[in-house]
Amino acid sequence: MLILGISGSPRPEKVSGTYRLVRRVLEATGLNYELVSLRKKHIGGCIACLGCAKDNVCKVEDDLAALREKIVTADAYVIGAPNYYSGLNALTHAFLERWFQFRHQEGNLLWGKLAVAVGVGGTQGHFPADDLERFLAYNFIETVAKVSAQGAASCYTCGYGDTCKVGIPYLLGGQEGQKFTEETIPDVEKDPACLQAAEEAGRLLAKRLTQGHDRNAVTARMQQAMMAKFSESA
Ligand SMILES: Cc1cc2nc3c(=O)[nH]c(=O)nc-3n(C[C@H](O)[C@H](O)[C@H](O)COP(=O)(O)O)c2cc1C
């Protein structure tokens, strides 16, 4: 049993709330895991060349190629992304677009697997967490839990955050001249509710994986859900 963790933040692992929260969820599973950071990886979006249609293998040559085998062999995923403009950041979006390679013919390599989605934002992270769930559903992967948190927006450390009118501190508090200290800058690891949600998500994922996980049953449910969604938007 191996869970693949993915952090889609471009920020250094030490400061990234996404990376650290994904790691918390993985640790809480008590199962084997590998955590991959997309930071510094060069991964472009899907170019719709259809080179993958015949064999479910993407032909674009970039850093996604080396991750393909890990994605295929993992039993489950914990994927986290920062909130950029109320949605997934581009790096995570590009990474997941390339999962189009698994969506051809009977390419059931990922069908029925389980996942936890983690979103972190300067205000909150539910937008990227919801986006992750939506992406994963296209490969019939069930998101068993979503963890959403407030992280440390760069505005707290950019040097202008105390006066900037478009920055998160001002937009959140409406106050000019705020002074930030280590204690007052938000951080996922200082937020007990967020840490508890991460623990619970990890434990739930482990329980679902180890207590009779039936990929065929999950696949059937996810397929029905997608058909219902498609019929609504048709
Ligand atoms: C280009 C950019 C756009 C952002 N847009 C938003 C946003 O719309 N809403 C929000 O809450 N935070 C936004 N943020 C703040 C990040 O989500 C926040 O810093 C988060 O903690 C980053 O996670 P990380 O520490 O894992 O990189 C944005 C940050 C950047 C760099």
# chains A, B, ... in the order shown; residues from 1 in each chain; ligands from 1

call {"tool": "residues_near_ligand", "arguments": {"ligand": "ligand 1", "cutoff": "7 Å", "atoms": "only C-alpha atoms and all ligand atoms", "output": "count of residues only"}}
result
26

call {"tool": "residues_around", "arguments": {"residues": "region 26-37 of chain A", "least_positions_apart": "3", "cutoff": "6 Å", "atoms": "only C-alpha atoms", "output": "ChimeraX atom specification"}}
result
/A:2-7,23,199,202-203,206

call {"tool": "closest_residue", "arguments": {"among": "A:Cys58, A:Leu21, A:Leu171, A:Leu109", "to": "Asp191 (chain A)", "atoms": "only C-alpha atoms"}}
result
A:Leu21

call {"tool": "residues_around", "arguments": {"residues": "Ile185 (chain A)", "least_positions_apart": "3", "cutoff": "7 Å", "atoms": "only C-alpha atoms", "output": "mmCIF file with N, CA and C atoms, in the first residue's frame"}}
result
data_model
loop_
_atom_site.group_PDB
_atom_site.id
_atom_site.type_symbol
_atom_site.label_atom_id
_atom_site.label_comp_id
_atom_site.auth_asym_id
_atom_site.auth_seq_id
_atom_site.Cartn_x
_atom_site.Cartn_y
_atom_site.Cartn_z
ATOM 1 N N ALA A 152 0.091 31.362 5.082
ATOM 2 C CA ALA A 152 0.762 32.659 5.180
ATOM 3 C C ALA A 152 0.878 33.270 3.790
ATOM 4 N N TYR A 156 2.527 39.097 3.898
ATOM 5 C CA TYR A 156 3.007 39.322 5.260
ATOM 6 C C TYR A 156 4.518 39.502 5.311
ATOM 7 N N PHE A 180 3.134 43.106 11.568
ATOM 8 C CA PHE A 180 3.074 41.646 11.600
ATOM 9 C C PHE A 180 4.230 41.094 12.418
ATOM 10 N N THR A 181 3.924 40.079 13.193
ATOM 11 C CA THR A 181 4.985 39.384 13.925
ATOM 12 C C THR A 181 4.854 37.897 13.611
ATOM 13 N N GLU A 182 5.852 37.140 13.987
ATOM 14 C CA GLU A 182 5.818 35.682 13.809
ATOM 15 C C GLU A 182 4.507 35.100 14.354
#

call {"tool": "select_by_dssp", "arguments": {"residues": "region 69-228 of chain A", "states": "helix (DSSP H, G or I)", "output": "NGL selection string"}}
result
:A and (69-73 or 90-102 or 126-137 or 154-156 or 168-173 or 188-190 or 192-210 or 215-228)

call {"tool": "closest_residue", "arguments": {"among": "A:Lys54, A:Phe102, A:Leu91, A:Met222", "to": "Arg68 (chain A)", "atoms": "only C-alpha atoms"}}
result
A:Phe102
